[in-house]
Structures are given as C-alpha cells and as structure tokens.
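K.L.:
Pasting final-v5.txt below, which is compact mmCIF, C-alpha atoms and all ligand atoms.
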```txt
# COMPACT_ATOMS: atom_id res chain seq x y z
CA MET D 1 -8.75 -50.26 -42.49
CA CYS D 2 -10.74 -47.59 -40.65
CA ASP D 3 -11.03 -47.74 -36.86
CA GLN D 4 -14.67 -48.67 -37.00
CA HIS D 5 -13.91 -51.93 -38.79
CA LYS D 6 -10.66 -53.00 -37.22
CA ASN D 7 -12.29 -55.62 -34.97
CA VAL D 8 -14.69 -57.02 -37.53
CA THR D 9 -14.34 -60.81 -37.79
CA ALA D 10 -14.17 -62.40 -41.23
CA THR D 11 -15.66 -65.87 -41.28
CA ARG D 12 -16.19 -68.66 -43.77
CA VAL D 13 -19.81 -69.59 -44.50
CA LEU D 14 -21.92 -71.85 -46.66
CA SER D 15 -24.27 -69.65 -48.63
CA VAL D 16 -26.80 -69.89 -51.42
CA SER D 17 -26.93 -67.02 -53.94
CA SER D 18 -30.59 -67.55 -54.90
CA ALA D 19 -33.49 -69.91 -54.24
CA LYS D 20 -32.49 -73.57 -54.80
CA ALA D 21 -28.93 -72.61 -55.85
CA PRO D 22 -26.22 -75.04 -54.69
CA PHE D 23 -24.22 -74.14 -51.59
CA GLU D 24 -20.93 -72.28 -52.04
CA LYS D 25 -18.14 -71.60 -49.57
CA THR D 26 -17.86 -67.82 -49.25
CA THR D 27 -16.75 -65.28 -46.64
CA ILE D 28 -18.72 -62.70 -44.67
CA GLU D 29 -17.80 -60.21 -41.95
CA GLN D 30 -19.40 -60.42 -38.53
CA ARG D 31 -19.92 -57.14 -36.68
CA GLU D 32 -17.50 -55.70 -34.14
CA LEU D 33 -18.46 -56.81 -30.62
CA LYS D 34 -20.86 -54.42 -28.89
CA PRO D 35 -20.77 -54.38 -25.05
CA HIS D 36 -23.34 -57.19 -24.69
CA ASP D 37 -22.17 -59.27 -27.67
CA ILE D 38 -20.60 -62.70 -27.67
CA LEU D 39 -18.38 -64.12 -30.41
CA ILE D 40 -18.98 -67.85 -30.79
CA ASP D 41 -16.73 -70.39 -32.53
CA ILE D 42 -19.36 -72.63 -34.07
CA LYS D 43 -18.55 -76.34 -33.83
CA TYR D 44 -21.76 -77.95 -35.12
CA SER D 45 -24.82 -76.72 -36.96
CA GLY D 46 -28.00 -78.76 -37.43
CA ILE D 47 -30.03 -78.88 -40.65
CA CYS D 48 -33.69 -78.09 -39.94
CA HIS D 49 -36.40 -78.59 -42.57
CA SER D 50 -37.08 -74.84 -42.13
CA ASP D 51 -33.62 -74.24 -43.64
CA ILE D 52 -34.86 -75.97 -46.79
CA HIS D 53 -38.20 -74.10 -46.85
CA SER D 54 -36.11 -70.88 -46.55
CA ALA D 55 -33.24 -71.66 -48.95
CA TYR D 56 -35.79 -72.81 -51.56
CA ASP D 57 -37.80 -69.63 -50.80
CA GLU D 58 -40.96 -71.69 -50.33
CA TRP D 59 -42.33 -69.24 -47.74
CA GLY D 60 -41.46 -66.19 -49.90
CA GLY D 61 -39.53 -63.08 -48.89
CA GLY D 62 -36.14 -64.83 -48.93
CA ILE D 63 -33.10 -62.56 -48.51
CA PHE D 64 -30.19 -63.70 -50.72
CA PRO D 65 -27.37 -64.50 -50.48
CA MET D 66 -28.55 -66.62 -47.55
CA VAL D 67 -26.56 -68.47 -44.89
CA PRO D 68 -29.09 -70.79 -43.21
CA GLY D 69 -28.72 -72.48 -39.83
CA HIS D 70 -30.48 -71.94 -36.51
CA GLU D 71 -29.32 -74.98 -34.57
CA ILE D 72 -25.95 -73.68 -33.43
CA ALA D 73 -23.59 -75.21 -30.87
CA GLY D 74 -20.14 -73.86 -30.14
CA VAL D 75 -17.70 -72.29 -27.72
CA VAL D 76 -17.40 -68.66 -26.61
CA ALA D 77 -14.35 -67.09 -28.30
CA ALA D 78 -14.67 -63.49 -27.04
CA VAL D 79 -17.09 -61.38 -25.01
CA GLY D 80 -18.06 -57.70 -25.09
CA SER D 81 -17.09 -55.36 -22.26
CA GLU D 82 -20.42 -55.65 -20.39
CA VAL D 83 -20.95 -59.42 -20.66
CA ARG D 84 -21.08 -61.04 -17.20
CA LYS D 85 -23.07 -64.22 -17.86
CA PHE D 86 -20.56 -65.96 -20.17
CA SER D 87 -16.79 -66.33 -20.37
CA VAL D 88 -14.37 -67.41 -23.07
CA GLY D 89 -14.44 -71.22 -23.34
CA ASP D 90 -18.08 -71.68 -22.27
CA ARG D 91 -20.14 -74.20 -24.28
CA VAL D 92 -23.11 -72.34 -25.72
CA GLY D 93 -25.98 -72.55 -28.17
CA VAL D 94 -28.04 -70.22 -30.34
CA GLY D 95 -31.42 -71.08 -31.84
CA CYS D 96 -33.84 -69.31 -34.18
CA MET D 97 -33.70 -65.81 -32.67
CA VAL D 98 -30.85 -63.33 -32.21
CA ASP D 99 -32.72 -60.24 -30.97
CA SER D 100 -36.08 -58.83 -29.91
CA CYS D 101 -37.31 -55.50 -28.51
CA GLY D 102 -36.81 -56.67 -24.91
CA GLU D 103 -39.57 -54.36 -23.67
CA CYS D 104 -42.97 -55.64 -24.80
CA GLU D 105 -45.19 -57.88 -22.64
CA TYR D 106 -44.03 -61.02 -24.47
CA CYS D 107 -40.30 -60.23 -24.22
CA LEU D 108 -40.77 -59.42 -20.54
CA SER D 109 -42.56 -62.73 -19.95
CA GLY D 110 -39.83 -64.74 -21.71
CA GLU D 111 -41.73 -65.39 -24.93
CA GLU D 112 -39.49 -63.41 -27.26
CA GLN D 113 -40.82 -65.41 -30.22
CA PHE D 114 -44.01 -63.32 -29.93
CA CYS D 115 -42.23 -59.94 -29.59
CA THR D 116 -44.69 -57.26 -30.74
CA LYS D 117 -41.94 -55.49 -32.70
CA GLY D 118 -41.04 -58.83 -34.32
CA PHE D 119 -38.01 -60.83 -33.21
CA ILE D 120 -34.89 -60.87 -35.38
CA ALA D 121 -34.41 -64.33 -36.87
CA THR D 122 -30.94 -65.88 -36.84
CA TYR D 123 -30.86 -65.75 -40.66
CA ASN D 124 -33.01 -64.51 -43.53
CA SER D 125 -34.00 -61.48 -41.49
CA LEU D 126 -32.98 -57.83 -41.18
CA ASP D 127 -31.69 -56.68 -37.80
CA TYR D 128 -32.98 -53.46 -36.21
CA ASP D 129 -30.26 -51.52 -38.10
CA GLY D 130 -31.45 -52.99 -41.39
CA ASN D 131 -28.52 -55.38 -41.90
CA PRO D 132 -29.20 -58.95 -43.09
CA THR D 133 -28.63 -61.72 -40.56
CA TYR D 134 -26.59 -64.81 -41.44
CA GLY D 135 -27.05 -68.16 -39.70
CA GLY D 136 -25.08 -71.08 -38.40
CA TYR D 137 -23.60 -72.73 -41.51
CA CYS D 138 -20.65 -70.61 -40.55
CA GLN D 139 -17.44 -70.67 -38.48
CA LYS D 140 -18.13 -67.69 -36.21
CA ILE D 141 -21.20 -65.74 -35.20
CA VAL D 142 -21.79 -62.64 -33.07
CA VAL D 143 -24.94 -62.71 -30.92
CA THR D 144 -26.16 -60.50 -28.10
CA GLU D 145 -25.91 -62.43 -24.80
CA ARG D 146 -29.68 -62.42 -24.13
CA PHE D 147 -30.09 -64.93 -27.00
CA VAL D 148 -27.26 -67.26 -26.02
CA VAL D 149 -27.93 -70.33 -23.86
CA ARG D 150 -25.61 -72.61 -21.93
CA ILE D 151 -25.14 -76.19 -23.10
CA PRO D 152 -25.02 -78.58 -20.12
CA ASP D 153 -21.84 -80.65 -19.77
CA ALA D 154 -23.83 -83.88 -20.17
CA LEU D 155 -24.68 -82.97 -23.79
CA ASP D 156 -22.03 -83.29 -26.50
CA LEU D 157 -22.04 -80.27 -28.82
CA ASP D 158 -23.02 -82.27 -31.91
CA VAL D 159 -26.19 -83.68 -30.32
CA ALA D 160 -26.93 -80.41 -28.56
CA ALA D 161 -27.19 -78.47 -31.85
CA PRO D 162 -30.58 -79.85 -33.04
CA LEU D 163 -32.12 -79.18 -29.64
CA LEU D 164 -31.80 -75.43 -30.30
CA CYS D 165 -34.68 -75.58 -32.81
CA ALA D 166 -36.15 -79.09 -33.12
CA GLY D 167 -35.87 -79.54 -29.34
CA ILE D 168 -37.49 -76.32 -28.19
CA THR D 169 -40.15 -76.42 -30.93
CA THR D 170 -41.46 -79.72 -29.59
CA TYR D 171 -40.74 -79.23 -25.86
CA SER D 172 -42.61 -75.90 -25.72
CA PRO D 173 -46.05 -77.06 -26.96
CA LEU D 174 -45.82 -80.33 -25.01
CA ASN D 175 -45.21 -78.20 -21.93
CA HIS D 176 -47.86 -75.60 -22.78
CA TRP D 177 -50.59 -78.19 -23.45
CA ASN D 178 -49.59 -80.27 -20.42
CA ALA D 179 -48.24 -83.52 -21.77
CA ALA D 180 -48.15 -85.37 -18.44
CA PRO D 181 -49.06 -88.66 -16.75
CA GLY D 182 -52.62 -89.65 -17.67
CA LYS D 183 -52.49 -87.77 -20.99
CA LYS D 184 -52.61 -89.54 -24.34
CA VAL D 185 -50.34 -87.71 -26.79
CA ALA D 186 -49.84 -88.48 -30.49
CA ILE D 187 -46.80 -87.33 -32.46
CA VAL D 188 -47.43 -87.07 -36.20
CA GLY D 189 -44.35 -87.43 -38.42
CA MET D 190 -41.12 -88.93 -37.18
CA GLY D 191 -38.42 -86.70 -38.58
CA GLY D 192 -36.07 -84.28 -36.83
CA LEU D 193 -38.79 -82.68 -34.71
CA GLY D 194 -40.92 -85.80 -34.33
CA HIS D 195 -38.23 -88.10 -32.94
CA LEU D 196 -37.40 -85.50 -30.25
CA ALA D 197 -41.09 -84.94 -29.49
CA ILE D 198 -41.44 -88.65 -28.70
CA GLN D 199 -38.58 -88.45 -26.20
CA PHE D 200 -39.86 -85.27 -24.51
CA ALA D 201 -43.48 -86.47 -24.27
CA HIS D 202 -42.31 -89.79 -22.83
CA ALA D 203 -40.06 -88.05 -20.27
CA MET D 204 -42.99 -85.80 -19.26
CA GLY D 205 -44.92 -88.96 -18.41
CA ALA D 206 -47.53 -88.98 -21.19
CA GLU D 207 -48.69 -92.11 -23.03
CA VAL D 208 -47.11 -91.59 -26.44
CA THR D 209 -48.38 -92.80 -29.81
CA VAL D 210 -46.46 -92.24 -33.03
CA LEU D 211 -48.34 -91.72 -36.29
CA SER D 212 -45.93 -92.17 -39.19
CA ARG D 213 -46.66 -92.89 -42.85
CA SER D 214 -45.26 -96.43 -42.90
CA ILE D 215 -44.34 -99.05 -40.32
CA ASN D 216 -40.62 -98.64 -41.14
CA LYS D 217 -39.71 -96.58 -38.07
CA LYS D 218 -41.63 -98.63 -35.51
CA ASP D 219 -38.70 -100.24 -33.69
CA GLU D 220 -36.84 -96.95 -33.40
CA ALA D 221 -39.98 -95.14 -32.21
CA LEU D 222 -40.41 -97.67 -29.40
CA GLY D 223 -36.72 -97.20 -28.59
CA PHE D 224 -37.29 -93.43 -28.26
CA GLY D 225 -40.02 -94.12 -25.68
CA ALA D 226 -43.22 -94.46 -27.72
CA ASP D 227 -45.88 -96.72 -26.21
CA HIS D 228 -47.74 -97.32 -29.49
CA TYR D 229 -47.04 -96.89 -33.18
CA PHE D 230 -49.43 -96.80 -36.15
CA ALA D 231 -48.95 -96.33 -39.88
CA THR D 232 -51.18 -93.60 -41.31
CA SER D 233 -51.05 -95.31 -44.72
CA ASP D 234 -53.42 -97.91 -43.19
CA PRO D 235 -56.99 -96.49 -43.20
CA ALA D 236 -57.84 -98.68 -40.18
CA THR D 237 -55.58 -96.43 -38.07
CA PHE D 238 -58.13 -93.62 -38.30
CA THR D 239 -61.09 -95.81 -37.28
CA ASP D 240 -59.22 -97.69 -34.54
CA LEU D 241 -57.91 -94.50 -32.91
CA ALA D 242 -61.01 -92.27 -33.32
CA GLY D 243 -61.59 -90.01 -30.28
CA ARG D 244 -58.48 -91.27 -28.49
CA PHE D 245 -56.02 -88.38 -27.91
CA ASP D 246 -55.84 -85.39 -25.57
CA LEU D 247 -53.12 -83.80 -27.67
CA ILE D 248 -51.78 -84.33 -31.17
CA LEU D 249 -48.53 -82.65 -32.18
CA ASN D 250 -48.22 -82.40 -35.96
CA THR D 251 -44.57 -82.07 -37.03
CA VAL D 252 -45.12 -82.81 -40.74
CA SER D 253 -43.54 -80.50 -43.33
CA ALA D 254 -46.42 -81.05 -45.82
CA ASN D 255 -50.18 -80.53 -45.57
CA LEU D 256 -52.21 -83.35 -44.04
CA ASP D 257 -55.94 -84.13 -44.03
CA VAL D 258 -56.73 -82.02 -40.95
CA ASN D 259 -60.25 -83.48 -40.52
CA ALA D 260 -58.84 -87.00 -40.34
CA TYR D 261 -56.41 -86.01 -37.56
CA LEU D 262 -59.02 -83.95 -35.69
CA SER D 263 -61.24 -87.05 -35.61
CA LEU D 264 -58.59 -88.73 -33.44
CA LEU D 265 -59.06 -86.17 -30.64
CA ARG D 266 -61.30 -86.75 -27.63
CA VAL D 267 -63.64 -84.03 -26.32
CA ASP D 268 -61.58 -80.88 -25.56
CA GLY D 269 -58.54 -82.33 -27.34
CA THR D 270 -56.11 -80.10 -29.22
CA LEU D 271 -54.28 -80.56 -32.52
CA VAL D 272 -51.15 -78.40 -32.45
CA ASN D 273 -49.33 -77.69 -35.70
CA VAL D 274 -45.62 -77.02 -35.65
CA GLY D 275 -44.93 -78.32 -39.16
CA ALA D 276 -44.95 -75.31 -41.49
CA PRO D 277 -45.87 -76.16 -45.10
CA ALA D 278 -46.11 -73.14 -47.39
CA GLU D 279 -49.52 -73.91 -48.87
CA PRO D 280 -52.81 -73.13 -47.05
CA ASN D 281 -54.91 -76.02 -45.78
CA GLN D 282 -58.61 -76.66 -45.16
CA TYR D 283 -60.72 -78.21 -42.44
CA HIS D 284 -64.41 -78.61 -41.73
CA VAL D 285 -65.70 -76.65 -38.75
CA PHE D 286 -67.84 -79.63 -37.69
CA SER D 287 -64.60 -81.48 -36.93
CA LEU D 288 -64.14 -78.95 -34.11
CA ILE D 289 -67.61 -78.10 -32.84
CA MET D 290 -68.95 -81.60 -32.38
CA LYS D 291 -66.37 -82.38 -29.68
CA ARG D 292 -65.27 -78.87 -28.60
CA ARG D 293 -61.85 -79.54 -30.12
CA SER D 294 -59.13 -76.96 -30.70
CA LEU D 295 -56.85 -76.45 -33.68
CA ALA D 296 -53.67 -74.61 -32.69
CA GLY D 297 -50.13 -73.71 -33.71
CA SER D 298 -46.88 -73.12 -31.85
CA LEU D 299 -43.67 -71.26 -32.71
CA ILE D 300 -40.30 -72.41 -31.32
CA GLY D 301 -40.11 -71.23 -27.65
CA GLY D 302 -38.63 -68.45 -25.52
CA ILE D 303 -35.01 -68.20 -24.43
CA GLN D 304 -35.58 -69.09 -20.78
CA GLU D 305 -37.66 -72.08 -21.86
CA THR D 306 -34.88 -73.09 -24.28
CA GLN D 307 -32.44 -73.20 -21.36
CA GLU D 308 -34.98 -75.25 -19.35
CA MET D 309 -35.36 -77.63 -22.30
CA LEU D 310 -31.57 -78.17 -22.55
CA ASP D 311 -31.34 -78.85 -18.82
CA PHE D 312 -34.35 -81.20 -19.03
CA ALA D 313 -32.75 -83.05 -21.97
CA ALA D 314 -29.47 -83.43 -20.06
CA GLN D 315 -31.28 -84.64 -16.96
CA HIS D 316 -33.42 -87.19 -18.82
CA GLY D 317 -30.81 -88.41 -21.30
CA ILE D 318 -32.72 -86.99 -24.26
CA ALA D 319 -30.70 -86.51 -27.44
CA PRO D 320 -31.37 -86.46 -31.14
CA LYS D 321 -30.12 -89.32 -33.26
CA ILE D 322 -27.80 -87.55 -35.66
CA GLU D 323 -25.73 -88.11 -38.80
CA VAL D 324 -22.70 -85.80 -38.82
CA ILE D 325 -21.78 -84.58 -42.32
CA ARG D 326 -19.08 -82.47 -43.96
CA ALA D 327 -19.74 -78.99 -45.29
CA ASP D 328 -19.57 -80.25 -48.89
CA GLN D 329 -22.43 -82.71 -48.23
CA VAL D 330 -25.15 -80.17 -47.43
CA ASP D 331 -26.79 -80.16 -50.89
CA GLU D 332 -26.99 -83.95 -50.75
CA ALA D 333 -28.35 -83.77 -47.19
CA TYR D 334 -31.15 -81.42 -48.33
CA ASP D 335 -32.12 -83.93 -51.04
CA ARG D 336 -32.13 -86.69 -48.49
CA VAL D 337 -34.32 -84.73 -46.03
CA LEU D 338 -36.79 -84.09 -48.85
CA ARG D 339 -36.87 -87.83 -49.56
CA SER D 340 -37.36 -88.49 -45.79
CA ASP D 341 -34.03 -90.33 -45.93
CA VAL D 342 -32.70 -89.00 -42.63
CA ARG D 343 -32.36 -90.79 -39.28
CA TYR D 344 -33.12 -88.28 -37.79
CA ARG D 345 -31.09 -85.07 -38.06
CA PHE D 346 -28.12 -84.02 -40.18
CA VAL D 347 -25.52 -81.99 -38.31
CA ILE D 348 -22.70 -80.18 -40.13
CA ASP D 349 -19.20 -80.53 -38.64
CA ILE D 350 -18.15 -76.90 -39.03
CA SER D 351 -14.43 -77.78 -38.86
CA THR D 352 -14.86 -79.10 -42.43
CA LEU D 353 -15.94 -75.69 -43.75
P1 LIG D 401 -38.19 -83.55 -41.30
O1 LIG D 401 -37.02 -84.05 -40.53
O2 LIG D 401 -38.16 -83.55 -42.78
O3 LIG D 401 -39.46 -84.39 -40.77
C1 LIG D 401 -40.74 -84.23 -41.31
C2 LIG D 401 -41.48 -85.56 -41.22
O4 LIG D 401 -42.78 -85.35 -41.75
C3 LIG D 401 -40.88 -86.67 -42.09
O5 LIG D 401 -39.87 -87.38 -41.42
C4 LIG D 401 -42.07 -87.55 -42.37
O6 LIG D 401 -42.33 -88.38 -41.23
C5 LIG D 401 -43.21 -86.54 -42.42
N1 LIG D 401 -43.54 -86.18 -43.81
C6 LIG D 401 -42.75 -85.56 -44.71
N2 LIG D 401 -43.40 -85.37 -45.87
C7 LIG D 401 -44.65 -85.84 -45.68
C8 LIG D 401 -45.80 -85.93 -46.52
N3 LIG D 401 -45.78 -85.46 -47.79
N4 LIG D 401 -46.90 -86.47 -45.98
C9 LIG D 401 -46.92 -86.94 -44.74
N5 LIG D 401 -45.85 -86.91 -43.92
C10 LIG D 401 -44.74 -86.36 -44.39
O7 LIG D 401 -38.53 -82.04 -40.89
P2 LIG D 401 -38.31 -81.29 -39.48
O8 LIG D 401 -37.00 -80.62 -39.50
O9 LIG D 401 -38.69 -82.20 -38.39
O10 LIG D 401 -39.39 -80.10 -39.62
C11 LIG D 401 -40.77 -80.42 -39.75
C12 LIG D 401 -41.59 -79.18 -40.04
O11 LIG D 401 -41.58 -78.33 -38.89
C13 LIG D 401 -41.06 -78.31 -41.19
O12 LIG D 401 -42.17 -77.83 -41.94
C14 LIG D 401 -40.37 -77.17 -40.47
O13 LIG D 401 -40.31 -75.99 -41.23
C15 LIG D 401 -41.28 -77.00 -39.29
N6 LIG D 401 -40.71 -76.28 -38.14
C16 LIG D 401 -41.53 -75.45 -37.47
C17 LIG D 401 -41.08 -74.80 -36.35
C18 LIG D 401 -42.01 -73.95 -35.54
O14 LIG D 401 -41.53 -73.15 -34.73
N7 LIG D 401 -43.30 -74.10 -35.68
C19 LIG D 401 -39.75 -74.97 -35.94
C20 LIG D 401 -38.94 -75.86 -36.65
C21 LIG D 401 -39.43 -76.51 -37.75
P3 LIG D 401 -42.81 -89.92 -41.41
O15 LIG D 401 -41.91 -90.53 -42.44
O16 LIG D 401 -42.62 -90.47 -40.04
O17 LIG D 401 -44.24 -89.91 -41.83
ZN ZN D 402 -35.68 -75.06 -37.27
```
In structure tokens, write the structure found in this file.
Ligand code: NAP
Ligand code: ZN
P.N.:
Amino acid sequence: MCDQHKNVTATRVLSVSSAKAPFEKTTIEQRELKPHDILIDIKYSGICHSDIHSAYDEWGGGIFPMVPGHEIAGVVAAVGSEVRKFSVGDRVGVGCMVDSCGECEYCLSGEEQFCTKGFIATYNSLDYDGNPTYGGYCQKIVVTERFVVRIPDALDLDVAAPLLCAGITTYSPLNHWNAAPGKKVAIVGMGGLGHLAIQFAHAMGAEVTVLSRSINKKDEALGFGADHYFATSDPATFTDLAGRFDLILNTVSANLDVNAYLSLLRVDGTLVNVGAPAEPNQYHVFSLIMKRRSLAGSLIGGIQETQEMLDFAAQHGIAPKIEVIRADQVDEAYDRVLRSDVRYRFVIDISTL
C-alpha cells in the first residue's frame, strides 16, 4: 500500500448500483483525514423521502453507485491534526451538506445551503476534487469539522438522526417566517417532516393546524401539539378554513392543488414549500394578487441554525417518533414510506450493517 493511502478507512455501506436497484452491502474507502477532518462512527441513519427521490433518480442526475443518507448520528472516532472543536468520543451529527466554499456572502452569514459555488451534498454529489460523496447508510464517514454538529446529551442518537434533515428543514422556515404566539400556522402532510414541524411550531408558540389526507393521524397530531386537525379529503375543509392562516408549510412529497392551499391564507400569508416532488406544478396568479399572498420555498438550513435546532429540540423535549430497522430492511422501508405506512421516520441501526 502506498503512503498516500495507508490511513484510508474501509467501511461497509448500503449502496444501490442503479436507479431503483435493491440495496446491497458493499465496501468503500473513506479519505485519509485532512487536518480539519473528523472520522465518525455512525450509529444511526434516518431514511428521508429525499433518499427515495434520489435512489430512484426521480430528480435526475443521480450518481451511481449511490450510498444515500443525510440524517447521520454517531460518535467521533478520530480527529485531524487541526481539529479543536471536537474530541474522540463526542456525540455528533451530520446533515445534508459536507462542504461549501466558506467565503461567499451566504457561507459567511451561516446559510451554507445557498453557497454561490454550490454546497457539496452528503451523497449523490461530487466534492470540489471531483470525487463522489457517499452518505450515511454506512459505518464510518469523514467530514470536515465545519459541517459537524454536536448532539445534546438529552437526545438519544437514534432520535437525533432525523433531526439532521427533517428537523432543520422544518425548523428553519418556521423560524424565518416567524411562527410565534398569535400566528396561525398550518402543516400540510404528516410524515417525517410534518410530524416534526407540528412539534416545532407548537414549541414556538404558534396555533397549529394539521392538514392531512385522512383523519387517521388525528390523535397523534394532537399528541404532537397540534391545536386543530382537518382531513383534506373532505372538501368542506377548504371552505371552512378559507383565509385563515398566516403561514402554511407544505411538506408533501407529491404535487398538490396549489390554488386550493393558497385560498387558505389570509392577506399577506405565505405558503412555503419544502416538499420536493419532481414534476412541475401550476397555480393561478389571482390566488396571489387578490390577497397579496406569497408562494415560497425553503431548503434545509445552515449549520449554525442546525445546532440551534438541536439545542431547541433538547430544551423543548422535541423528538421524532421513529421505527428502528435493520440494514436488510431498507428496501421494505422504502416501499412503506411510498405507501405512507411510516409512523413517522425509519432509522437504520448501523450496527446491523
Ligand atoms: P414522508 O415521510 O413520506 O411524508 C410525506 C407526507 O406527505 C406523507 O406522510 C403524507 O402525509 C403526504 N403525502 C404523500 N403522498 C401524498 C400525495 N400523493 N398527496 C397528498 N399527500 C401526500 O416524506 P418526508 O421525508 O417527510 O419528505 C417530504 C418531502 O420533503 C419529500 O419530497 C422530500 O424530498 C422533501 N424534503 C425537502 C427538503 C428541503 O430542504 N426542502 C428536505 C428534506 C425533505 P398525510 O398522510 O398526512 O397526508
Ligand atoms: Zn432529507
């Protein structure tokens, strides 16, 4: 083995060889630690619906073989020579990003997700040297310290994992659009993102309404802190709630009737999309101009805000409801997510890989 590769870490992963292929256990090599790198022993990895969009190549541009996973919780196993912020044994997390330019106005203001050079995604991306990135369905990962966050002691690692994507993706827009006392907030879709959005919006003091397709999840929604719950399969929902909300957070993985949801906003209300279906959608401009409404989108959140979100979750007792699975159950878990048969996040126990 040449000197350059003597410290490379081989690690077992779950990978797919092409779009929609079943998962296989394979091995990859993680890079030698650079001075600011951290080697993490991954303990748990959440399954985000974005993993399915990516592994099925629904968004296009998929890089295969692919190791998905951007909800990573683990323990520091080694640190590079210049790392001061973390030590071996620390409980840490990694979300959707593993690098960014660090110099543009967005990186400098802590919104690395909008890096003008383009951030490097945790998987299905090429790093600045042109090497593919591999995600968290994996035993060990090397990440530069700027993209590693600390998991508070009050959060177990298995429930912390989904916060690294589903948590920050809902916390950030609720924060940005001021979910707060006196504000009426609706959460559309009660899946992985949605059930965390309910908890964050409630903890921020907003009056929270859940809009789900059926009434099946009502009791659990109220348990997560929702004040009201309506089934969108009932047309009366859209007449009864017309003009009601300051903010609607759409977490649905498929396209909705945007005009119908815009009609639920009051004057100056905002419909924020975080759900990311592949197909384009349509709306009528009159749905916006008649009540000065806004239609918006939001992408995960910055690293500093991710740390704030974890601390906020620990402080307020916010945690995803999870189902821990073995590595050989991931294909089945994908099928179940697609059938909306998940309460409310699958998390892979990486010790089974
Ligand atoms: P999920 O657990 O599958 O939840 C999605 C929820 O949407 C379902 O539980 C269901 O809620 C509702 N839904 C699903 N299919 C629907 C349909 N055909 N019509 C109406 N409602 C439907 O997914 P997730 O992990 O929360 O992710 C949700 C979306 O957010 C995905 O598209 C994902 O890629 C995206 N995402 C975006 C970002 C970002 O930065 N913007 C980050 C992470 C994820 P009900 O049964 O309650 O109706
Ligand atoms: Zn995600």
K.L.:
Which one is closest to Arg345 (chain D): D:Ala161, D:Ala206, D:Leu222, D:Ile187? Count only C-alpha atoms.
P.N.:
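Closest to Arg345 (chain D), using only C-alpha atoms: D:Ala161.
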K.L.:
Find the residues around Thr170 (chain D) up to 9 Å (all atoms listed in the file counted), leave out those fewer than 3 positions away in its own chain, and share them as a list in words.
P.N.:
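Within the cut-off, the hits are Cys165, Ala166, Gly167, Pro173, Leu174, Asn175, Leu193, Gly194, Leu196, Ala197, Ile198, Phe200, Ala201, Leu249, Thr251, Val274, Ser298, Ile300 and Gly301 of chain D.
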K.L.:
May I have the centre and edge lengths, in Å to one decimal, of an axis-aligned box around the listed atoms of region 258-266 of chain D with 4 Å added to every side, as AutoDock Vina command-line options?
P.N.:
```
--center_x -58.9 --center_y -85.4 --center_z -34.3 --size_x 12.9 --size_y 14.7 --size_z 21.3
```
K.L.:
My list of candidates is D:Gly191, D:Gly223, D:Gly60, D:Pro132. Which is closest to Arg339 (chain D) when distances are computed with all atoms listed in the file?
P.N.:
D:Gly191
K.L.:
Compare D:Gly182, D:Gly302, D:Gly80, D:Gly136 by their minimum atom-to-atom distance to Ser15 (chain D), counting all atoms listed in the file, and give me the closest one.
P.N.:
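Among the listed residues, D:Gly136 lies closest to Ser15 (chain D).
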K.L.:
In Å, with one decimal, what is the gap from CA of Ala19 (chain D) to CA of Glu279 (chain D)?
P.N.:
17.4 Å
K.L.:
With 12 Å as the cut-off and all atoms listed in the file counted, what is the closest atom pair between each nearby residue of chain D and ligand ZN 402 (chain D)? Distances in Å to one decimal, ordered by chain and number, as a tab-separated table.
P.N.:
```
residue	atom	partner	partner_atom	distance
D:Ser45	CA	D:ZN402	ZN	11.0
D:Gly46	CA	D:ZN402	ZN	8.5
D:Ile47	CA	D:ZN402	ZN	7.6
D:Cys48	CA	D:ZN402	ZN	4.5
D:His49	CA	D:ZN402	ZN	6.4
D:Ser50	CA	D:ZN402	ZN	5.1
D:Asp51	CA	D:ZN402	ZN	6.7
D:Ile52	CA	D:ZN402	ZN	9.6
D:His53	CA	D:ZN402	ZN	10.0
D:Ser54	CA	D:ZN402	ZN	10.2
D:Pro68	CA	D:ZN402	ZN	9.8
D:Gly69	CA	D:ZN402	ZN	7.9
D:His70	CA	D:ZN402	ZN	6.1
D:Glu71	CA	D:ZN402	ZN	6.9
D:Ile72	CA	D:ZN402	ZN	10.6
D:Val94	CA	D:ZN402	ZN	11.4
D:Gly95	CA	D:ZN402	ZN	8.0
D:Cys96	CA	D:ZN402	ZN	6.8
D:Met97	CA	D:ZN402	ZN	10.5
D:Ala121	CA	D:ZN402	ZN	10.8
D:Thr122	CA	D:ZN402	ZN	10.3
D:Tyr123	CA	D:ZN402	ZN	11.0
D:Gly135	CA	D:ZN402	ZN	11.3
D:Gly136	CA	D:ZN402	ZN	11.4
D:Ala161	CA	D:ZN402	ZN	10.6
D:Pro162	CA	D:ZN402	ZN	8.2
D:Leu163	CA	D:ZN402	ZN	9.4
D:Leu164	CA	D:ZN402	ZN	8.0
D:Cys165	CA	D:ZN402	ZN	4.6
D:Ala166	CA	D:ZN402	ZN	5.8
D:Gly167	CA	D:ZN402	ZN	9.1
D:Ile168	CA	D:ZN402	ZN	9.3
D:Thr169	CA	D:ZN402	ZN	7.9
D:Thr170	CA	D:ZN402	ZN	10.7
D:Gly192	CA	D:ZN402	ZN	9.2
D:Leu193	CA	D:ZN402	ZN	8.6
D:Thr251	CA	D:ZN402	ZN	11.3
D:Ser253	CA	D:ZN402	ZN	11.3
D:Val274	CA	D:ZN402	ZN	10.3
D:Gly275	CA	D:ZN402	ZN	10.0
D:Ala276	CA	D:ZN402	ZN	10.2
D:Leu299	CA	D:ZN402	ZN	10.0
D:Ile300	CA	D:ZN402	ZN	8.0
D:Gly301	CA	D:ZN402	ZN	11.3
D:Arg345	CA	D:ZN402	ZN	11.0
```
K.L.:
How many Å lie between CA of Phe23 (chain D) and atom C9 of ligand LIG 401 (chain D), rounded to one decimal?
P.N.:
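Atom C9 of ligand LIG 401 (chain D) lies 26.9 Å from CA of Phe23 (chain D).
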K.L.:
Can you tell me how far CA of Val188 (chain D) sits from CA of Leu265 (chain D), in Å to one decimal?
P.N.:
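We find that CA of Val188 (chain D) and CA of Leu265 (chain D) lie 12.9 Å from each other.
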